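Heads up: the structure comes next, in structure tokens.
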Amino acid sequence: MDAEQALYLKQSRSDLRAFDLLQSADYCHQVHYLQMATEKLAKAYFWRAGQPLKKRHDYFLKFMRAIGGDGNVGKVVGIKTSDHWEAYIDGILPVAQVIEAMAPSEADDGPNAEYPWPHEAPTDAPASYRFPLTDELFSPRGKRFLDILRRLLNRFEQYA
């Protein structure tokens with residue numbers, strides 16, 4: 001792991017700790033920190049080529065698909081066979097997709113964790129919006145997602 005990857009990884013871990021601390025805060029803050037944690041985890045992974053990444057918010061799904069096809073990553077995080085690992089990742093991709101869409105740049109003119117929308121004539125504020133994602137995180141699939149996210153962060157140095 002190079003120095004730049006370590007910086008993104010450190011911030012991703014910090015963002016996930018903030019997500020954990022904000023469980024009693026408005027949903028927008030939880031969603032925001034979860035989105036940032038996932039984005040930075042993906043950027044830490046893709047930085048390994050030694051090249052700066054574009055300032056974008058759409059790396060997480062690419063990351064999940066990349067590691068989903070790598071049975072060695074599955075083994076590192078405790079999923080023994082590559083078939084199970086690929087199916088596991090496929091099962092949580094819908095959660096990853098919703099999280100990535102929470103970044104303002106990815107949300108178009110719809111719900112995002114940071115700014116009122118639609119942009120030209122706001123009618124909703126993130127602070128008063130109940131994001132469907134928050135309910136999803138309490139479902140079995142959401143719990144599996146959070147579990148694998150924590151494993152990926154905790155064992156990053158072993159697979160990146």
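Just so we're on the same page: first chain in the structure tokens is A, next is B, and so on; residues restart at 1 for each chain, and ligands are numbered from 1 in the order they show up.
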
Within 12 Å of range 143-146 of chain A, counting only C-alpha atoms, which residues show up once you throw out same-chain ones fewer than 6 positions away? Write them as a CSV table (one decimal) with N, CA and C atoms, in the first residue's frame, please.
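As a result, part.csv now contains:
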```csv
chain,number,residue,atom,x,y,z
A,16,LEU,N,-16.5,6.2,8.6
A,16,LEU,CA,-17.4,5.2,9.1
A,16,LEU,C,-17.5,5.3,10.6
A,19,PHE,N,-20.2,7.8,11.0
A,19,PHE,CA,-21.5,7.2,10.7
A,19,PHE,C,-22.0,6.5,12.0
A,20,ASP,N,-21.1,5.7,12.6
A,20,ASP,CA,-21.5,5.0,13.8
A,20,ASP,C,-21.9,6.0,15.0
A,34,LEU,N,-21.7,7.7,5.6
A,34,LEU,CA,-21.6,6.4,5.0
A,34,LEU,C,-21.2,6.5,3.5
A,35,GLN,N,-21.8,7.4,2.8
A,35,GLN,CA,-21.4,7.6,1.4
A,35,GLN,C,-20.0,8.0,1.3
A,37,ALA,N,-17.5,7.3,3.4
A,37,ALA,CA,-16.7,6.2,3.8
A,37,ALA,C,-16.5,5.2,2.6
A,38,THR,N,-17.6,5.0,2.0
A,38,THR,CA,-17.6,4.0,0.8
A,38,THR,C,-16.8,4.6,-0.3
A,64,MET,N,-16.8,-2.4,-5.8
A,64,MET,CA,-17.6,-3.6,-5.4
A,64,MET,C,-17.6,-4.6,-6.5
A,88,TYR,N,-22.4,-13.2,-2.8
A,88,TYR,CA,-22.5,-12.3,-1.6
A,88,TYR,C,-22.5,-10.8,-2.1
A,89,ILE,N,-21.5,-10.5,-2.9
A,89,ILE,CA,-21.3,-9.1,-3.4
A,89,ILE,C,-22.5,-8.8,-4.3
A,90,ASP,N,-22.9,-9.7,-5.2
A,90,ASP,CA,-24.1,-9.4,-6.0
A,90,ASP,C,-25.3,-9.1,-5.2
A,91,GLY,N,-25.5,-9.8,-4.1
A,91,GLY,CA,-26.6,-9.6,-3.2
A,91,GLY,C,-26.7,-8.2,-2.5
A,92,ILE,N,-25.5,-7.6,-2.3
A,92,ILE,CA,-25.5,-6.3,-1.6
A,92,ILE,C,-25.2,-5.1,-2.6
A,93,LEU,N,-25.0,-5.4,-3.9
A,93,LEU,CA,-24.8,-4.3,-4.8
A,93,LEU,C,-25.9,-3.3,-4.9
A,94,PRO,N,-27.2,-3.7,-4.7
A,94,PRO,CA,-28.3,-2.7,-4.7
A,94,PRO,C,-28.1,-1.7,-3.6
A,95,VAL,N,-27.6,-2.1,-2.4
A,95,VAL,CA,-27.3,-1.1,-1.3
A,95,VAL,C,-26.2,-0.2,-1.7
A,96,ALA,N,-25.1,-0.8,-2.3
A,96,ALA,CA,-24.0,0.1,-2.8
A,96,ALA,C,-24.5,1.1,-3.8
A,97,GLN,N,-25.3,0.7,-4.7
A,97,GLN,CA,-25.8,1.6,-5.7
A,97,GLN,C,-26.6,2.8,-5.1
A,98,VAL,N,-27.4,2.5,-4.1
A,98,VAL,CA,-28.2,3.6,-3.5
A,98,VAL,C,-27.3,4.5,-2.7
A,99,ILE,N,-26.3,4.0,-2.0
A,99,ILE,CA,-25.3,4.8,-1.3
A,99,ILE,C,-24.6,5.7,-2.3
A,133,LEU,N,-32.8,4.5,2.2
A,133,LEU,CA,-31.6,3.8,2.6
A,133,LEU,C,-31.5,3.5,4.1
A,134,THR,N,-31.9,4.4,4.9
A,134,THR,CA,-31.8,4.1,6.3
A,134,THR,C,-32.6,2.9,6.8
A,135,ASP,N,-33.8,2.7,6.2
A,135,ASP,CA,-34.6,1.5,6.5
A,135,ASP,C,-33.9,0.3,5.9
A,136,GLU,N,-33.3,0.4,4.7
A,136,GLU,CA,-32.6,-0.7,4.1
A,136,GLU,C,-31.4,-1.2,5.0
A,137,LEU,N,-30.7,-0.2,5.6
A,137,LEU,CA,-29.6,-0.6,6.4
A,137,LEU,C,-30.0,-1.5,7.6
A,152,LEU,N,-14.1,-5.2,4.9
A,152,LEU,CA,-13.2,-4.6,3.9
A,152,LEU,C,-12.3,-3.5,4.4
A,153,LEU,N,-12.8,-2.7,5.3
A,153,LEU,CA,-12.0,-1.6,5.9
A,153,LEU,C,-11.0,-2.2,6.8
```

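The neighbours of range 113-124 of chain A here are the residues that come within 12 Å of it, using only C-alpha atoms and leaving out any residue fewer than 5 positions away in the same chain; they are Asp26, Tyr27, Cys28, His29, Gln30, Val31, His32, Tyr33, Leu34, Gln35, Met36, Val98, Ile99, Glu100, Ala101, Met102, Ala103, Pro104, Ser105, Glu106, Ala107, Asp108, Tyr129, Arg130, Phe131, Pro132, Leu133 and Thr134 of chain A.
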
*as a count of residues only, list the residues of range 25-109 of chain A assigned to alpha helix (DSSP H) by DSSP on the backbone atoms of this structure.*
54

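For range 70-84 of chain A, the set of protein, DNA and RNA residues having any atom at most 8 Å away, when counting only C-alpha atoms and skipping those fewer than 4 positions along the same chain, is Ala66, Tyr88, Ile148, Arg151, Leu152, Arg155, Gln158 and Tyr159 of chain A.
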
Print the selection's residues with C-alpha atoms to a file, as a PDB file, in the first residue's frame.
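Output contents, as saved in again-v8.pdb:
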```pdb
ATOM      1  CA  ALA A  66     -13.908  -5.386  -9.030  1.00  0.00           C
ATOM      2  CA  TYR A  88     -22.506 -12.255  -1.607  1.00  0.00           C
ATOM      3  CA  ILE A 148     -18.806  -6.630   4.689  1.00  0.00           C
ATOM      4  CA  ARG A 151     -14.478  -6.304   7.057  1.00  0.00           C
ATOM      5  CA  LEU A 152     -13.202  -4.629   3.891  1.00  0.00           C
ATOM      6  CA  ARG A 155      -8.542  -5.991   6.297  1.00  0.00           C
ATOM      7  CA  GLN A 158      -4.358  -7.718   3.210  1.00  0.00           C
ATOM      8  CA  TYR A 159      -6.039  -7.470  -0.190  1.00  0.00           C
TER       9      TYR A 159
END
```

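Restricting the calculation to only C-alpha atoms, the smallest distance between Leu9 in chain A and any of A:Ser24, A:Pro111, A:Ala42, A:Arg141 is found for A:Ala42.
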
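Our summary of the geometry notes that CA of Arg56 in chain A is positioned 25.3 Å from CA of Asp147 in chain A.
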
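The space between CA of Asp109 in chain A and CA of Arg13 in chain A spans 29.1 Å.
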
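Using only C-alpha atoms, the residues found no farther than 12 Å from Asp2 in chain A, other than those of its own chain fewer than 4 positions away, are Ala6, Leu7, Tyr8, Leu9, Ala44, Tyr45, Phe46, Trp47, Arg48, Ala49, Gly50, Gln51, Glu157 and Ala160 of chain A.
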
For the residues in that selection, give me C-alpha atoms as an mmCIF file, in the first residue's frame.
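Contents of result-v6.cif, freshly written:
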```cif
data_model
loop_
_atom_site.group_PDB
_atom_site.id
_atom_site.type_symbol
_atom_site.label_atom_id
_atom_site.label_comp_id
_atom_site.auth_asym_id
_atom_site.auth_seq_id
_atom_site.Cartn_x
_atom_site.Cartn_y
_atom_site.Cartn_z
ATOM 1 C CA ALA A 6 -3.141 5.040 3.328
ATOM 2 C CA LEU A 7 -4.529 8.583 3.451
ATOM 3 C CA TYR A 8 -7.784 7.596 1.745
ATOM 4 C CA LEU A 9 -8.063 4.501 3.924
ATOM 5 C CA ALA A 44 -7.928 3.914 -1.661
ATOM 6 C CA TYR A 45 -8.254 0.689 -3.639
ATOM 7 C CA PHE A 46 -8.017 2.261 -7.092
ATOM 8 C CA TRP A 47 -5.145 4.595 -6.176
ATOM 9 C CA ARG A 48 -2.879 1.544 -6.110
ATOM 10 C CA ALA A 49 -1.934 2.223 -9.712
ATOM 11 C CA GLY A 50 -0.026 5.240 -8.386
ATOM 12 C CA GLN A 51 -2.025 7.725 -10.412
ATOM 13 C CA GLU A 157 -3.981 -3.980 3.847
ATOM 14 C CA ALA A 160 -5.157 -4.083 -1.716
#
```
